[in-house]
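work24.txt follows (compact mmCIF, C-alpha atoms):
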```txt
# COMPACT_ATOMS: atom_id res chain seq x y z
CA MET A 1 98.19 84.70 75.43
CA ALA A 2 100.54 82.84 77.81
CA GLU A 3 99.03 80.28 80.15
CA GLU A 4 98.73 81.54 83.71
CA LEU A 5 99.24 78.41 85.81
CA GLU A 6 98.35 77.95 89.43
CA ASP A 7 101.16 78.43 91.94
CA GLY A 8 103.72 75.64 92.03
CA TRP A 9 102.85 74.06 88.66
CA GLU A 10 105.37 73.66 85.83
CA LYS A 11 104.84 72.90 82.13
CA ARG A 12 106.96 70.07 80.70
CA GLU A 13 107.36 68.61 77.20
CA SER A 14 106.96 64.86 76.83
CA ARG A 15 110.19 63.14 75.91
CA LYS A 16 108.41 60.31 74.12
CA GLU A 17 106.01 62.63 72.28
CA PRO A 18 107.79 65.88 71.30
CA GLY A 19 105.31 68.72 71.02
CA VAL A 20 103.02 67.13 73.64
CA PHE A 21 103.05 68.87 77.02
CA TYR A 22 102.00 67.88 80.51
CA TYR A 23 101.93 69.67 83.84
CA VAL A 24 103.69 68.74 87.07
CA HIS A 25 103.58 70.07 90.63
CA PRO A 26 107.09 69.25 91.99
CA GLU A 27 106.18 69.77 95.64
CA THR A 28 103.28 67.28 95.62
CA GLY A 29 104.46 65.02 92.79
CA LYS A 30 101.10 65.39 91.02
CA THR A 31 101.03 65.32 87.20
CA GLN A 32 98.21 65.88 84.71
CA ARG A 33 97.65 66.59 81.02
CA GLU A 34 95.12 69.42 81.56
CA ALA A 35 96.63 72.86 82.21
CA PRO A 36 95.95 73.91 85.85
CA LEU A 37 95.04 77.47 84.97
CA ARG A 38 94.21 80.11 87.54
CA ASN A 39 90.45 80.33 88.16
CA LYS A 40 88.51 83.05 86.47
CA ARG A 41 85.41 84.75 87.88
CA ARG A 42 82.10 83.73 86.39
CA LYS A 43 80.14 86.17 84.31
CA VAL A 44 76.45 86.41 85.21
CA ALA A 45 74.18 86.34 82.17
CA PRO A 46 71.93 89.42 81.77
CA TRP A 47 68.23 89.19 82.63
CA PRO A 48 66.33 87.91 79.55
CA THR A 49 64.01 90.60 78.13
CA LEU A 50 61.89 91.16 75.04
CA PRO A 51 62.94 93.81 72.48
CA GLY A 52 62.24 97.29 73.87
CA GLN A 53 61.48 95.97 77.33
CA ALA A 54 63.59 97.05 80.31
CA PRO A 55 64.65 94.37 82.79
CA PRO A 56 62.50 94.23 85.94
CA LYS A 57 63.80 95.86 89.08
CA LEU A 58 63.97 93.66 92.15
CA SER A 59 63.06 95.42 95.35
CA SER A 60 62.18 94.40 98.87
CA VAL A 61 60.22 97.61 99.33
CA GLY A 62 56.87 98.41 97.72
CA VAL A 63 53.44 96.98 97.27
CA GLY A 64 51.84 95.17 94.41
CA GLY A 65 54.99 94.11 92.55
CA LEU A 66 55.52 90.52 91.59
CA PHE A 67 58.78 90.33 93.58
CA ASP A 68 57.84 92.62 96.48
CA ASP A 69 57.79 89.79 99.02
CA LEU A 70 61.16 88.40 97.97
CA PRO A 71 64.53 89.56 99.35
CA GLU A 72 66.83 91.60 97.16
CA ALA A 73 68.81 89.47 94.76
CA VAL A 74 72.51 89.33 95.53
CA VAL A 75 74.86 88.03 92.86
CA GLU A 76 78.01 86.42 94.23
CA THR A 77 80.92 85.86 91.88
CA ALA A 78 82.73 82.89 93.37
CA ASP A 79 85.71 81.30 91.73
CA ALA A 80 84.70 78.53 89.38
CA LYS A 81 85.64 75.09 90.64
CA LYS A 82 88.48 73.44 88.79
CA PRO A 83 87.37 70.24 87.07
CA GLU A 84 88.54 67.26 89.04
CA SER A 85 91.25 65.35 87.23
CA ILE A 86 90.94 61.60 87.19
CA PRO A 87 94.21 60.13 88.50
CA GLU A 88 95.93 57.75 86.15
CA VAL A 89 96.37 54.24 87.45
CA LYS A 90 100.08 53.49 87.32
CA LYS A 91 101.31 50.04 86.48
CA HIS A 92 103.30 48.25 89.14
CA LEU A 93 106.94 49.02 88.42
CA ALA A 94 109.57 46.38 89.02
CA SER A 95 112.47 48.76 88.42
CA VAL A 96 113.34 52.34 87.46
CA LYS A 97 116.41 54.11 86.11
CA CYS A 98 117.32 57.37 87.79
CA LEU A 99 119.89 60.11 88.18
CA HIS A 100 120.34 61.71 91.57
CA LEU A 101 122.22 64.61 93.10
CA LEU A 102 123.18 64.32 96.78
CA LYS A 103 123.98 67.12 99.19
CA LYS A 104 125.34 65.93 102.50
CA HIS A 105 125.36 67.97 105.71
CA ALA A 106 126.94 67.75 109.15
CA GLY A 107 124.10 65.50 110.36
CA SER A 108 124.43 63.00 107.51
CA ARG A 109 125.24 59.37 108.28
CA ARG A 110 128.72 59.83 106.81
CA PRO A 111 129.53 63.58 106.50
CA SER A 112 132.35 63.13 104.02
CA SER A 113 132.61 62.86 100.23
CA TRP A 114 134.98 63.03 97.27
CA ARG A 115 134.39 66.79 97.26
CA GLU A 116 135.01 67.47 100.96
CA LYS A 117 136.85 65.34 103.46
CA VAL A 118 134.79 66.76 106.34
CA ILE A 119 131.39 68.25 105.54
CA THR A 120 130.37 70.94 108.02
CA ARG A 121 127.45 72.62 106.26
CA SER A 122 124.16 72.68 108.16
CA LEU A 123 120.93 70.99 107.09
CA GLU A 124 119.52 74.42 106.25
CA GLU A 125 122.50 75.29 104.07
CA ALA A 126 122.31 71.97 102.25
CA THR A 127 118.57 72.42 101.67
CA TYR A 128 119.04 75.89 100.24
CA GLN A 129 121.88 74.79 97.94
CA LEU A 130 119.92 71.81 96.62
CA LYS A 131 116.77 73.88 95.98
CA GLU A 132 118.82 76.39 93.99
CA LEU A 133 120.30 73.59 91.90
CA ARG A 134 116.82 72.20 91.31
CA LYS A 135 115.58 75.60 90.09
CA THR A 136 118.42 75.74 87.57
CA ILE A 137 117.57 72.28 86.25
CA ALA A 138 113.79 72.83 86.16
CA ALA A 139 114.23 76.06 84.18
CA LYS A 140 115.32 74.09 81.10
CA GLN A 141 112.81 73.86 78.27
CA ASN A 142 112.57 70.15 77.50
CA ALA A 143 113.43 66.68 78.80
CA LYS A 144 116.72 66.45 76.90
CA GLU A 145 117.97 69.78 78.26
CA ILE A 146 116.81 68.92 81.79
CA GLN A 147 118.73 65.63 81.76
CA SER A 148 121.84 67.26 80.33
CA GLU A 149 121.82 70.02 82.95
CA PHE A 150 121.16 67.52 85.74
CA GLU A 151 124.17 65.43 84.67
CA ARG A 152 126.38 68.52 84.41
CA LEU A 153 125.51 69.75 87.89
CA ALA A 154 125.70 66.27 89.44
CA ARG A 155 129.28 65.87 88.19
CA ARG A 156 130.20 69.15 89.85
CA GLU A 157 128.00 69.34 92.95
CA SER A 158 126.91 65.86 94.06
CA ASP A 159 128.45 64.37 97.24
CA CYS A 160 127.82 60.85 95.92
CA SER A 161 130.42 58.83 94.02
CA SER A 162 127.82 58.56 91.22
CA ALA A 163 128.82 62.14 90.36
CA ALA A 164 131.47 60.65 88.05
CA LYS A 165 128.61 59.21 85.95
CA GLY A 166 126.50 62.35 85.96
CA GLY A 167 124.53 61.14 88.98
CA SER A 168 123.43 57.91 87.29
CA LEU A 169 122.37 55.09 89.61
CA GLY A 170 121.55 52.81 86.70
CA LYS A 171 118.46 50.64 86.84
CA PHE A 172 117.43 49.40 90.29
CA GLY A 173 114.52 47.46 91.75
CA ARG A 174 112.56 47.72 94.96
CA GLY A 175 114.35 47.11 98.23
CA LYS A 176 117.72 48.33 96.89
CA MET A 177 117.59 51.93 98.14
CA GLN A 178 116.69 53.63 101.41
CA PRO A 179 112.88 53.61 101.87
CA ALA A 180 112.31 57.36 101.40
CA PHE A 181 114.48 57.40 98.28
CA GLU A 182 112.75 54.34 96.82
CA THR A 183 109.28 55.74 97.48
CA ALA A 184 110.15 59.03 95.75
CA ALA A 185 111.88 57.38 92.78
CA PHE A 186 109.08 54.91 92.03
CA ALA A 187 106.45 57.65 92.33
CA LEU A 188 108.01 59.69 89.51
CA ASP A 189 106.97 59.57 85.87
CA VAL A 190 109.66 59.24 83.22
CA ASN A 191 111.50 62.57 82.83
CA GLU A 192 109.99 63.90 86.05
CA LEU A 193 112.16 65.73 88.57
CA SER A 194 111.53 65.15 92.27
CA SER A 195 111.38 67.70 95.05
CA VAL A 196 113.97 67.48 97.85
CA VAL A 197 114.09 63.96 99.34
CA THR A 198 115.58 63.37 102.81
CA THR A 199 117.43 60.18 103.81
CA ASP A 200 120.11 59.26 106.35
CA SER A 201 122.70 59.94 103.66
CA GLY A 202 121.61 63.53 103.18
CA LEU A 203 119.34 65.44 100.77
CA HIS A 204 118.63 64.32 97.20
CA ILE A 205 116.89 65.41 94.05
CA ILE A 206 116.02 62.58 91.64
CA LEU A 207 115.36 62.53 87.90
CA ARG A 208 113.72 59.37 86.56
CA ILE A 209 114.84 58.65 83.00
CA GLU A 210 113.33 55.17 82.45
```

In structure tokens, what does this structure look like?
Amino acid sequence: MAEELEDGWEKRESRKEPGVFYYVHPETGKTQREAPLRNKRRKVAPWPTLPGQAPPKLSSVGVGGLFDDLPEAVVETADAKKPESIPEVKKHLASVKCLHLLKKHAGSRRPSSWREKVITRSLEEATYQLKELRKTIAAKQNAKEIQSEFERLARRESDCSSAAKGGSLGKFGRGKMQPAFETAAFALDVNELSSVVTTDSGLHIILRIE
């Protein structure tokens, strides 16, 4: 039976450990090893009885019964609470290696690129286009395919000069990128794809590869 994950979660295969899977929520950046399955309703165990004995009837009406003075029992089937995952403590990273795909818009710091001399698309249009590209990349089955598709689309669609290298920014340390970009990049796990990141340059999606 296929796993029915909670909304927003995606299943990924570890690049370092083929055959080992983990789960990521692109919008929040949260990752975990345990599958975030949809909650199932609890089943209430039947009343314990002896062989041949019928279960007692609970009633709030009547005299002389053991449970006559108690209110009627009401069984509520609430969703079972999901076990709390213990967040992994990440080591302090000095540098990361990432690919990125940039979509500029009319409000970007420099609305021009190798693809278009004057970029006139709106922020909304750029957001929609980048989200569609992200869906295409995230639909791939494993880390190798995701990276390959990212590089292919970056060469064709990115408004950054890094498009010529498949969106590769190489390895960079802290303080080298715009704050929002740096925060998003250093928060990613290896082979994790970011959600849309906004900077003065435009809108980005980032794939950390080291």

In terms of the shortest atom-to-atom distance over all atoms listed in the file, which of A:Ser195, A:Thr127, A:Ser168, A:Ser14 is closest to Gln141 (chain A)? A:Ser14

For a quick check of understanding, using all atoms listed in the file, which of A:Cys160, A:Leu153, A:Leu99, A:Ala180 has the smallest distance to Arg115 (chain A)?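 Smallest separation from Arg115 (chain A) among the options: A:Cys160.
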
What separates CA of Gly107 (chain A) and CA of His204 (chain A) is a distance of 14.3 Å

Taking into account only C-alpha atoms, which residue in the set A:Val197, A:Ala143, A:Leu102, A:Ala35 is nearest to Pro179 (chain A)? A:Val197

Quick one: distance from CA of Ala106 (chain A) to CA of Ser158 (chain A) in Å, one decimal?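 These atoms are spaced 15.2 Å apart.
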
Neighbouring residues of His105 (chain A) were defined as those with any atom within 7 Å, considering all atoms listed in the file; residues of the same chain fewer than 6 positions away were excluded. Please report them as a count of residues only. 8

Residues around (106.4, 73.5, 74.1), cut-off 12 Å, counting all atoms listed in the file - what are they as a ChimeraX atom specification? /A:2-3,10-15,17-23,140-143

Here is a test: counting only C-alpha atoms, which residue of A:Phe172, A:Lys97, A:Asn191, A:Gly167 is nearest to Glu145 (chain A)?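 Using only C-alpha atoms, Glu145 (chain A) sits closest to A:Asn191.
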
Leaving out Trp114 (chain A) and any residue of its chain fewer than 2 positions from it, which residues lie within 10 Å of it when counting all atoms listed in the file, given as a ChimeraX atom specification? /A:112,116-118,158-161,163

Between A:Ile206, A:Ile146, A:Ala185, A:Leu101, which has the minimum distance to Gly173 (chain A) (counting all atoms listed in the file)?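 For Gly173 (chain A), the nearest of the candidates is A:Ala185.
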
Using all atoms listed in the file for the distances, tell me which of A:Glu124, A:Ile209, A:Ala154, A:Met177 is nearest to Val190 (chain A).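 For Val190 (chain A), the nearest of the candidates is A:Ile209.
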
CA of Arg208 (chain A) to CA of Glu192 (chain A), straight-line distance in Å: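 Here the two named atoms are 5.9 Å from each other.
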
Adding 8 Å on each side of the box along x, y and z that holds all listed atoms of region 135-153 of chain A, could you give its centre and edge lengths in Å to one decimal, as AutoDock Vina command-line options?
```
--center_x 119.5 --center_y 70.7 --center_z 83.5 --size_x 29.8 --size_y 26.6 --size_z 29.2
```
